[in-house]
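Inspection log for the structure reproduced underneath, given as structure tokens.
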Amino acid sequence: MAEAEQTAAQTPAQKAAQTASRTAAQTAAVQVRDLEVSYGWGRRATRILHGITMDVTRGHTVGIVGESGSGKSTLAKTLTGTIRPTNGNVRIAGLDVFATRGTDRTGMRRRVQMIPQDPYSSLNPRRTIGEALAEAVDPRHAKVKKHQDEIVHWLETVRMPADTIHQYPHECSGGQRQRIAIARGLILRPEVVIADEITSALDVSVQAEILNLIAGLRRELGLTMVFISHNLAVVRHVSDEVAVLYRGDIVEHGATADLYERPRHAYTRALLDAVPGTAGT
Amino acid sequence: MTSPDATEIPGLPPPASAGDRPTTGPRRLRQPSSPWLGFALRRLTGLVTIFLALLVVSFLIVQLIPGDPAAGIAGANADPADIARVRHELRLDRPVWERFVDYVGDVFSGHLGTSFKYRQPVETIIFNRLPFTATIALAGIVIVLLVSIPLGMIVGVLTRGGRRTWLDTTFGVVTGFLDAVPGYIMASFLVVTFAVGIGAVPLYPPAYTPRFAAQSFVLPIASIVIGPICTVSRVVRRETAVVLDNDYMRTAHGWRLPAHKRYVKWALPNLLTTTLTLSGLILTGMIGGAIIIESVFALPGLGSGIIKAILDRDYPVIQGMVIVIGMIAAIVNLLVDVLLGLIDQRTLGGSHVSA
Amino acid sequence: MSPRSRRHHGNPGLVLGLALLGIVVLIAVLAPVFFTGEADALGSRFAQPSSGHPLGTDAAGHDVLLRGLVATRLTLVMTVGATAIAVALGILLGTGVWLMGPRAREVCLRVIDAMVAFPGLLLALVVAAVLGAGGSSVVIAIGVAGIPYFARLTANLAAKVSQREYVRTARLLGVSHPRIAIRHMLPNMAEPLLVLSASTFASTLTALSALSFVGIGVQSPSYDWGKLLSEALPSLLAGRPFQMVGPAALVIVTGLAAILIGDGLAAAANPRTARRAAGRRGARDTERDTPVPRDEYLVDVQDLWIHSGDKPLVKGVSFGIRPGEIVGVVGESGSGKTLTAMSLARLLPDGLTLSSSRMAIGDLDLRWPVPPGLMAETVSLVYQDPGSTFNPALALGTQLTEVLRTHKHIGARAARRRMVEALQAVHLTHPERRMKQYPHELSGGMRQRAMIATALATEPRLIIADEPTTALDVTVQAEILRELERVNDRLGTSIMFISHDIGVVRALCHRVVVMYRGEVVEEIDAADLTVESARHPYTRALLAATPDIDRPVETLPGMAWTPEAAKEHSHG
């Protein structure tokens with residue numbers, strides 16, 4: 001964590017510039033090696049991911065962009081351990097996600113947290129915000145009282161008032177719910193946070209709030225994050241590096257500014273050109 | 001660059017089962033020869049499985065009788081010789097697996113045993129009783145579908161979007177009330193009104209002379225269809241509201257298609273698929289209704305037969321009838337699914353009943 | 001959508017059901033205490049109704065009414081017992097299935113399905129055949145027979161709930177399966193399960209009394225309603241129906257109470273029925289000073305108001321669309337952009353009232369009834385494609401040709417030929433094959449092309465496109481936008497393009513109408529849609545909050561703009 005705080009003071013641009021010079025000593029928070037995922041068996045098997053290899057450096061945000069069917073969501077689910085790969089492996093802080101068993105596995109899962117897409121189904125409507133966060137801290141007993149200080153601290157971190165703790169999800173707006181979902185994802189201090197299309201369901205103004213919050217949290221906490229989105233502009237806004245996924249393959253992976261200004265792969269260029277309001281249209 | 005696959009839609013929550021569904025991609029266009037072939041194959045294995053399950057269940061009926069089955073079957077005041085005879089007749093003196101093999105062999109060779117009470121082969125008893133039950137159940141099912149679907153749909157269309165609340169309330173109260181009347185009470189009421197009171201239809205089947213055969217089915221069928229008509233038409237009314245709320249109905253409206261085309265051509269097929277999926281259960285339930293109704297009207301069908309057999313502890317008859325009635329239910333289900341497939345080929349895919 | 005905002009006020013069915021059930025329960029508690037002795041007393045046989053015996057006596061000389069009342073307790077206890085077996089084990093099985101691995105779940109669901117298809121009463125008879133006739137054995141029999149059905153419906157509900165993000169997140173947090181079921185799944189299934197339990201209670205009552213009726217259930221000397229009814233059957237056939245009235249009425253009232261409670265709970269839980277239509281759609285005070293028609297516009301809307309009850313959703317919107325012009329309407333959710341468009345297409349949802357001082361397309365005054373054929377030749381629509389805009393049960397060709405057959409009055413074959421040409425014109429690949437396919441076999445982009453082709457079939461003067469590319473990928477979106485541009489170029493059709501995406505609107509449209517909370521805040525040339533040249537602060541704030549792919553910034557300016565400012569602006 002110490003390194004993370006050191007780097008936190010730097011700007012994303014500086015960090016991006018240092019990416020290349022990072023040594024093996026600064027282990028990657030996430031290492032993905034030859035990751036293959038297929039659905040179905042035998043003749044009807046469909047490969048979704050075709051051997052993906054990538055690293056997420058500690059304290060960095062990697063944006064993943066791609067269209068429908070590119071395997072973005074499958075990648076997210078594999079990183080969180082919900083889908084078992086047919087080949088290859090995922091290491092979080094050096095530990096193989098799919099080799100662990102039993103209680104280790106549960107502990108492993110808690111090192112990767114996901115912020116879900118839909119703010120309206122991400123919180124149980126019958127439980128207070130406090131209970132939702134308490135469950136994240138202690139899945140067994142989920143006592144709000146015992147963890148009150150921590151919960152309030154995290155609510156304040158995501159710019160929510162402390163009395164939200166007693167409110168129910170329906171009393172919060174979509175943007176507020178998304179903040180709470182972010183707090184729930186961070187309260188465990190996970191190694192890495194997976195954000196899957198977290199602004200897609202939001203209006204532009206609310207999206208701006210959430211993006212600013214994410215940018216702020218990255219500076220303050222030195223978050224390691226995988227940010228998945230179909231919106232290229234949003235990904236550019238929050239990421240240090242970007243990986244372009246096309247039909248289960250990473251076709252291009254590079255520092256954000258570099259990739260957006262000098263796309264090397266034809267698909268990346270096509271994708272960028274298709275964004276309305278840019279030179280291509 | 002067009003990705004021909006739209007399994008995940010950015011900006012919207014992912015499809016319901018995105019988690020464990022294969023993204024089929026372009027191969028979706030390459031369909032197997034006919035969806036009916038796979039359907040037939042699957043349903044055939046289904047029927048065989050159900051038959052085997054019924055064999056096991058009917059076999060277990062005797063084995064699971066608490067205490068000594070032979071003593072239980074022979075009755076309270078049977079002497080040891082009787083019990084020994086029953087034990088031998090049901091082969092209870094042999095190991096379980098041997099009995100099961102024998103039982104299965106007998107069933108496959110068409111011998112369902114001999115009735116304790118009537119000393120007749122069980123298959124003869126069933127064969128004599130089958131036509132009554134089959135007539136009541138099948139006629140009932142057809143009538144229920146023919147009445148309740150138009151009725152529910154008309155009410156659904158007339159009350160769409162909160163129109164005509166009085167009709168909605170009346171419909172709810174009347175169907176709710178009729179639904180609360182069990183079939184056998186409805187039967188009693190009909191008997192009082194039409195047979196005893198007015199004398200319009202014969203009460204008892206007068207030995208099935210061709211002259212009265214058809215008429216004597218009127219009251220039994222009427223009493224089993226009223227409840228299910230209410231239940232199914234309520235389902236149809238609710239589904240109509242759901243279907244009319246769909247995007248494609250707005251599309252049809254936007255194309256300014258006339259009302260009859262929108263309701264009959266656009267809404268009805270979608271309505272039928274959900275309705276039939278839900279009502280399949282209600283329709284097989286009608287077979288249960290038929291069992292009870294036969295007792296009220298003293299119709300010599302399978303229903304009154306199995307109940308008599310239970311009271312008489314006539315186990316060979318019970319076993320045979322469980323198999324036959326179970327297979328009738330399975331066939332009714334199959335017919336409903338075939339009907340569904342004719343209306344909408346997508347239902348042949350073999351998914352579950354979903355409410 | 002809040003769980004506590006909907007309460008059971010004004011639900012007469014529910015109130016009546018609870019009242020009836022209350023009376024029955026009261027009888028069940030009190031009747032055996034006071035009347036057991038009298039009910040067992042013997043009098044004259046087959047007595048006609050009299051003041052002493054309001055419903056007469058039975059074959060043994062018992063008072064029929066009292067026996068009916070006393071039987072209430074046994075009947076209810078048995079029904080509750082059997083319902084409890086079905087509900088408890090059904091819920092356990094139904095939720096349990098969803099916590100299993102996918103393959104075990106598949107197998108279990110198939111077994112449950114097969115059992116559901118098996119008639120419940122036959123299953124009950126099998127159990128009764130094993131246990132022998134008797135009260136407790138039929139309770140077990142009916143209870144067990146009810147399990148598969150309840151389990152199946154619970155599994156359906158659990159399937160929906162387990163797809164919610166909060167259940168997935170709880171799994172990621174390492175919450176154990178039983179805890180997920182108790183904390184997250186059951187509370188969110190409670191209402192429908194309660195409704196189901198009520199209907200299970202009603203059907204259990206019927207089934208139990210049916211078994212007693214045919215003699216398999218309660219045995220002498222005990223009696224429940226079913227047994228009393230079966231004892232009454234010979235009297236009925238002998239022309240003495242009174243003996244049946246008491247127990248029959250009690251069975252019906254109790255069943256009705258359960259059904260009413262179930263329906264009432266369902267209605268209270270369902271926002272669809274809880275919503276009441278605020279009023280018929282129609283013009284409201286259209287008799288205003290007729291404003292001057294603006295000739296240069298094809299579409300001329302002036303002072304359009306849309307109300308839901310007393311709540312204004314669109315507040316005095318005016319705008320125009322010139323022939324051959326593409327006008328974009330942008331705004332966030334709740335800005336009223338879709339309502340404005342739908343009122344122009346005369347497709348406003350039920351329960352909304354509309355008024356305007358002028359609403360016309362060309363010389364067609366939309367404030368008065370318009371024949372559908374004329375309407376179809378004036379306005380066409382292209383919707384957002386969440387995969388449900390086409391009828392899933394009909395082949396695409398059947399749906400597309402319907403428009404031509406209805407409005408152009410041409411035969412099926414000719415319509416088909418014209419439609420294939422139209423699909424070719426919008427660059428849909430393999431049009432012949434597409435016509436035979438079902439909507440779900442096409443991608444979102446293909447369906448959207450088909451939608452545009454159909455929209456053009458009636459040669460309309462205006463196409464209203466409501467978020468047509470929102471559900472599509474960027475590359476597909478670019479193609480669909482190009483298609484709309486081509487249509488506008490080639491045929492000169494005006495397009496009203498609704499979107500929340502400023503980038504898309506800027507790329508496609510000539511002019512843009514910006515809406516905020518039911519008002520038009522600015523009409524602006526698409527080229528001027530930048531932070532620098534937009535006039536209204538809301539437009540500027542919206543533009544600034546949109547991340548720009550070419551110009552990334554450290555912090556996006558928040559929406560430092562309030563509705564109060566909007567008011568000052570529009571009045572000042």
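Chain labels follow the order of the structure tokens: the first chain is A, the next B, and so on; residue numbering restarts at 1 in every chain, and ligands are counted from 1 in their shown order.
The chain A residues that come within 6 Å of chain B are Tyr39, Ser68, Ser200 and Ala201 of chain A, with only C-alpha atoms taken into account.
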**Item:** Selection near Arg152 in chain C, 8 Å with only C-alpha atoms, sequence-local residues under 2 positions removed, as a ChimeraX atom specification
**Value:** /C:90,94,109,112-113,116,148-150,154-156
Pull C-alpha atoms from the residues just selected and write them as a compact mmCIF listing (two decimals), in the first residue's frame.
# COMPACT_ATOMS: atom_id res chain seq x y z
CA GLY C 90 -41.86 -26.03 -1.64
CA GLY C 94 -37.46 -23.90 -4.81
CA LEU C 109 -35.67 -28.41 -12.19
CA ILE C 112 -39.72 -30.86 -10.45
CA ASP C 113 -41.16 -30.06 -13.89
CA VAL C 116 -45.66 -30.67 -11.66
CA PRO C 148 -43.79 -29.71 -6.67
CA TYR C 149 -46.09 -26.91 -7.82
CA PHE C 150 -45.04 -24.57 -5.03
CA THR C 154 -40.72 -20.49 -5.99
CA ALA C 155 -37.91 -21.57 -8.30
CA ASN C 156 -39.26 -19.19 -10.97
For chain C, which residues have at least one atom within 7 Å of chain B, if we go by only C-alpha atoms? Write them as a short mmCIF file (atom, residue, chain, number, x, y, z; two decimals) with C-alpha atoms, in the first residue's frame, please.
data_model
loop_
_atom_site.label_atom_id
_atom_site.label_comp_id
_atom_site.auth_asym_id
_atom_site.auth_seq_id
_atom_site.Cartn_x
_atom_site.Cartn_y
_atom_site.Cartn_z
CA ALA C 117 -47.04 -32.13 -14.87
CA PHE C 118 -48.32 -35.09 -12.88
CA PRO C 119 -51.87 -34.40 -11.57
CA GLY C 120 -51.61 -33.43 -7.91
CA LEU C 121 -54.70 -35.36 -6.94
CA LEU C 122 -53.31 -38.58 -8.40
CA VAL C 126 -50.85 -42.65 -4.39
CA ALA C 129 -53.06 -45.63 -1.02
CA VAL C 130 -49.82 -46.24 0.86
CA LEU C 131 -50.92 -44.68 4.15
CA ALA C 133 -57.66 -43.89 4.30
CA ASN C 156 -39.26 -19.19 -10.97
CA GLN C 163 -30.16 -12.56 -11.30
CA THR C 206 -60.97 -28.07 -2.14
CA ALA C 210 -62.86 -33.74 -2.11
CA VAL C 214 -65.17 -39.60 -1.80
CA ILE C 216 -60.72 -41.52 1.59
CA ALA C 248 -71.21 -26.25 0.91
CA ILE C 252 -67.27 -21.78 -0.74
CA GLY C 255 -62.27 -20.69 -0.51
CA LEU C 256 -63.57 -17.33 -1.67
CA ILE C 259 -58.92 -16.22 -3.30
CA ARG C 276 -55.21 4.26 -11.73
CA ALA C 277 -55.76 5.96 -15.00
CA ASP C 350 -53.14 6.21 -21.43
CA PRO C 372 -55.25 6.09 -39.30
CA ALA C 376 -49.58 6.46 -41.33
CA SER C 380 -43.55 6.98 -39.03
CA LEU C 381 -41.62 5.92 -35.98
CA SER C 388 -38.73 -6.12 -28.19
CA THR C 389 -39.95 -3.69 -30.84
CA PHE C 390 -40.85 -6.52 -33.20
CA ASN C 391 -43.39 -9.18 -32.36
CA ALA C 393 -44.00 -14.69 -32.37
CA VAL C 403 -47.99 -2.13 -43.07
CA THR C 406 -53.03 -2.24 -44.58
CA GLU C 441 -32.50 -14.24 -35.08
CA SER C 443 -28.87 -8.46 -34.51
CA GLY C 444 -29.93 -5.12 -33.11
CA ALA C 471 -28.92 0.15 -27.55
CA LEU C 472 -26.42 -0.32 -30.36
CA THR C 475 -19.79 0.99 -35.06
CA VAL C 476 -23.37 -0.13 -35.70
#
**Request:** Write down as a PyMOL selection string the residues belonging to range 91-208 of chain A that are assigned helix (DSSP H, G or I) by DSSP computed on the backbone.
**Result:** chain A and resi 102-111+129-137+145-157+162-166+169-171+174-186+204-208
**Message:** Taking 5 positions as the minimum chain separation for residues in the same chain, which residues sit within 10 Å of range 241-258 of chain A when counting only C-alpha atoms? Answer as a ChimeraX atom specification.
**Reply:** /A:12-13,15-17,19-20,35-37,47-54,56-57,60-72,74-75,226-228,232,235-236,263-268,271 /B:3 /C:550,552
With N, CA and C atoms retained, could you export that selection as a compact mmCIF listing (two decimals), in the first residue's frame?
# COMPACT_ATOMS: atom_id res chain seq x y z
N PRO A 12 -2.01 10.97 -13.47
CA PRO A 12 -2.13 9.79 -14.32
C PRO A 12 -1.13 9.79 -15.46
N ALA A 13 -0.88 10.95 -15.99
CA ALA A 13 0.04 11.03 -17.13
C ALA A 13 1.43 10.57 -16.74
N LYS A 15 2.17 8.62 -14.30
CA LYS A 15 2.13 7.21 -14.03
C LYS A 15 2.21 6.42 -15.34
N ALA A 16 1.47 6.91 -16.32
CA ALA A 16 1.47 6.22 -17.60
C ALA A 16 2.86 6.18 -18.20
N ALA A 17 3.56 7.30 -18.02
CA ALA A 17 4.91 7.38 -18.57
C ALA A 17 5.84 6.39 -17.89
N THR A 19 4.99 3.51 -16.72
CA THR A 19 4.55 2.12 -16.88
C THR A 19 5.65 1.24 -17.45
N ALA A 20 6.25 1.74 -18.50
CA ALA A 20 7.23 0.94 -19.21
C ALA A 20 8.43 0.59 -18.32
N LEU A 35 -5.66 -16.48 -20.88
CA LEU A 35 -7.00 -16.79 -20.37
C LEU A 35 -7.95 -17.17 -21.50
N GLU A 36 -8.49 -18.38 -21.39
CA GLU A 36 -9.45 -18.86 -22.39
C GLU A 36 -10.73 -19.22 -21.68
N VAL A 37 -11.87 -18.76 -22.21
CA VAL A 37 -13.15 -19.14 -21.64
C VAL A 37 -14.04 -19.63 -22.76
N ARG A 47 -15.97 -20.37 -28.01
CA ARG A 47 -14.93 -19.70 -27.26
C ARG A 47 -15.25 -18.23 -27.16
N ILE A 48 -15.25 -17.71 -25.94
CA ILE A 48 -15.58 -16.30 -25.73
C ILE A 48 -14.28 -15.51 -25.60
N LEU A 49 -13.33 -16.04 -24.86
CA LEU A 49 -12.04 -15.37 -24.73
C LEU A 49 -10.97 -16.29 -25.32
N HIS A 50 -10.12 -15.72 -26.16
CA HIS A 50 -9.14 -16.53 -26.90
C HIS A 50 -7.73 -16.33 -26.37
N GLY A 51 -7.48 -16.68 -25.12
CA GLY A 51 -6.11 -16.57 -24.64
C GLY A 51 -5.68 -15.13 -24.40
N ILE A 52 -6.22 -14.53 -23.37
CA ILE A 52 -5.90 -13.13 -23.09
C ILE A 52 -4.75 -13.06 -22.09
N THR A 53 -3.80 -12.19 -22.35
CA THR A 53 -2.71 -11.98 -21.41
C THR A 53 -2.63 -10.50 -21.13
N MET A 54 -2.67 -10.13 -19.86
CA MET A 54 -2.49 -8.71 -19.53
C MET A 54 -2.18 -8.55 -18.05
N VAL A 56 -2.33 -5.79 -14.65
CA VAL A 56 -2.81 -4.53 -14.12
C VAL A 56 -1.85 -4.13 -13.01
N THR A 57 -1.11 -3.07 -13.25
CA THR A 57 -0.12 -2.63 -12.26
C THR A 57 -0.83 -2.05 -11.06
N HIS A 60 -2.89 1.35 -10.76
CA HIS A 60 -3.28 1.78 -12.10
C HIS A 60 -4.74 1.46 -12.38
N THR A 61 -5.29 2.19 -13.33
CA THR A 61 -6.61 1.83 -13.83
C THR A 61 -6.46 1.42 -15.28
N VAL A 62 -6.92 0.21 -15.58
CA VAL A 62 -6.90 -0.25 -16.97
C VAL A 62 -8.33 -0.20 -17.50
N GLY A 63 -8.51 0.52 -18.57
CA GLY A 63 -9.83 0.57 -19.20
C GLY A 63 -9.94 -0.56 -20.20
N ILE A 64 -11.09 -1.22 -20.23
CA ILE A 64 -11.33 -2.25 -21.24
C ILE A 64 -12.48 -1.77 -22.12
N VAL A 65 -12.22 -1.60 -23.41
CA VAL A 65 -13.30 -1.20 -24.30
C VAL A 65 -13.55 -2.30 -25.33
N GLY A 66 -14.76 -2.32 -25.81
CA GLY A 66 -15.11 -3.33 -26.81
C GLY A 66 -16.61 -3.28 -27.02
N GLU A 67 -17.06 -3.92 -28.10
CA GLU A 67 -18.48 -3.89 -28.41
C GLU A 67 -19.17 -5.15 -27.89
N SER A 68 -20.47 -5.27 -28.17
CA SER A 68 -21.20 -6.47 -27.76
C SER A 68 -20.50 -7.70 -28.29
N GLY A 69 -20.46 -8.73 -27.46
CA GLY A 69 -19.87 -9.98 -27.92
C GLY A 69 -18.37 -9.98 -27.93
N SER A 70 -17.73 -8.89 -27.46
CA SER A 70 -16.27 -8.87 -27.46
C SER A 70 -15.72 -9.65 -26.26
N GLY A 71 -16.57 -9.93 -25.26
CA GLY A 71 -16.10 -10.70 -24.11
C GLY A 71 -15.77 -9.85 -22.90
N LYS A 72 -16.16 -8.56 -22.91
CA LYS A 72 -15.90 -7.68 -21.76
C LYS A 72 -16.47 -8.24 -20.47
N THR A 74 -17.57 -11.22 -19.82
CA THR A 74 -16.99 -12.52 -19.48
C THR A 74 -15.65 -12.32 -18.79
N LEU A 75 -14.86 -11.39 -19.29
CA LEU A 75 -13.56 -11.11 -18.67
C LEU A 75 -13.77 -10.65 -17.23
N VAL A 226 -10.05 -2.13 -12.80
CA VAL A 226 -10.31 -2.50 -14.19
C VAL A 226 -11.63 -1.85 -14.55
N PHE A 227 -11.61 -0.94 -15.47
CA PHE A 227 -12.80 -0.15 -15.78
C PHE A 227 -13.33 -0.57 -17.15
N ILE A 228 -14.47 -1.23 -17.14
CA ILE A 228 -15.01 -1.77 -18.38
C ILE A 228 -16.13 -0.88 -18.88
N LEU A 232 -16.16 5.05 -25.19
CA LEU A 232 -14.73 5.34 -25.32
C LEU A 232 -14.32 6.62 -24.61
N VAL A 235 -14.02 5.94 -20.86
CA VAL A 235 -12.83 5.15 -20.56
C VAL A 235 -11.59 6.06 -20.63
N ARG A 236 -11.53 6.91 -21.62
CA ARG A 236 -10.38 7.80 -21.73
C ARG A 236 -10.26 8.67 -20.49
N PRO A 263 -3.74 5.28 -32.60
CA PRO A 263 -4.17 3.88 -32.60
C PRO A 263 -3.40 3.09 -33.64
N ARG A 264 -2.91 1.91 -33.26
CA ARG A 264 -2.12 1.13 -34.21
C ARG A 264 -2.96 0.09 -34.93
N HIS A 265 -3.91 -0.49 -34.20
CA HIS A 265 -4.70 -1.56 -34.82
C HIS A 265 -5.86 -0.98 -35.61
N ALA A 266 -6.19 -1.64 -36.72
CA ALA A 266 -7.28 -1.15 -37.58
C ALA A 266 -8.60 -1.09 -36.84
N TYR A 267 -8.84 -2.08 -35.98
CA TYR A 267 -10.13 -2.09 -35.27
C TYR A 267 -10.24 -0.91 -34.32
N THR A 268 -9.15 -0.60 -33.62
CA THR A 268 -9.16 0.54 -32.71
C THR A 268 -9.48 1.81 -33.49
N LEU A 271 -13.10 1.89 -34.38
CA LEU A 271 -13.90 2.16 -33.20
C LEU A 271 -13.88 3.65 -32.88
N SER B 3 -21.09 -6.41 -35.75
CA SER B 3 -21.09 -7.64 -34.98
C SER B 3 -22.51 -8.20 -35.02
N ASP C 550 -11.84 13.62 -27.46
CA ASP C 550 -10.64 14.26 -27.99
C ASP C 550 -9.97 15.17 -26.99
N PRO C 552 -9.62 15.18 -23.13
CA PRO C 552 -9.84 14.73 -21.76
C PRO C 552 -9.49 15.82 -20.77
**Message:** Residues of chain A within 8 Å of chain C, counting only C-alpha atoms, what are they? List them as a VMD selection string.
**Reply:** chain A and resid 67 to 68 80 106 to 107 109 to 110 113 to 114 116 118 121 to 126 135 to 136 139 to 140 170 203 to 205 208 to 209 211 to 212 215 230 232 to 234 236 to 237 270 to 271 274 to 278 281
**Complete:** As a check of understanding: the span from CA of Ser216 in chain B to CA of Leu236 in chain C is 18.1 Å
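Coordinates place CA of His260 in chain B at a distance of 22.3 Å from CA of Pro439 in chain C.
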**Message:** What's around Ser343 in chain C at 10 Å? Count only C-alpha atoms, leave out sequence neighbours fewer than 3 positions away in its own chain, and write the answer as a list in words.
**Reply:** Leu304, Trp305, Ile306, Thr338, Leu339, Thr340, Arg346, Leu347, Leu348, Pro349, Leu352, Thr353, Leu354, Ser355, Met359, Leu366 and Arg367 of chain C
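Between CA of Ala158 in chain C and CA of Met189 in chain C the interatomic distance comes to 7.4 Å.
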**Among the residues A:Arg127, A:Arg84, A:Arg58, A:Arg91, the one that comes closest to Glu171 in chain A [using only C-alpha atoms]** =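 Checking each candidate against Glu171 in chain A, we get A:Arg127 as the closest.
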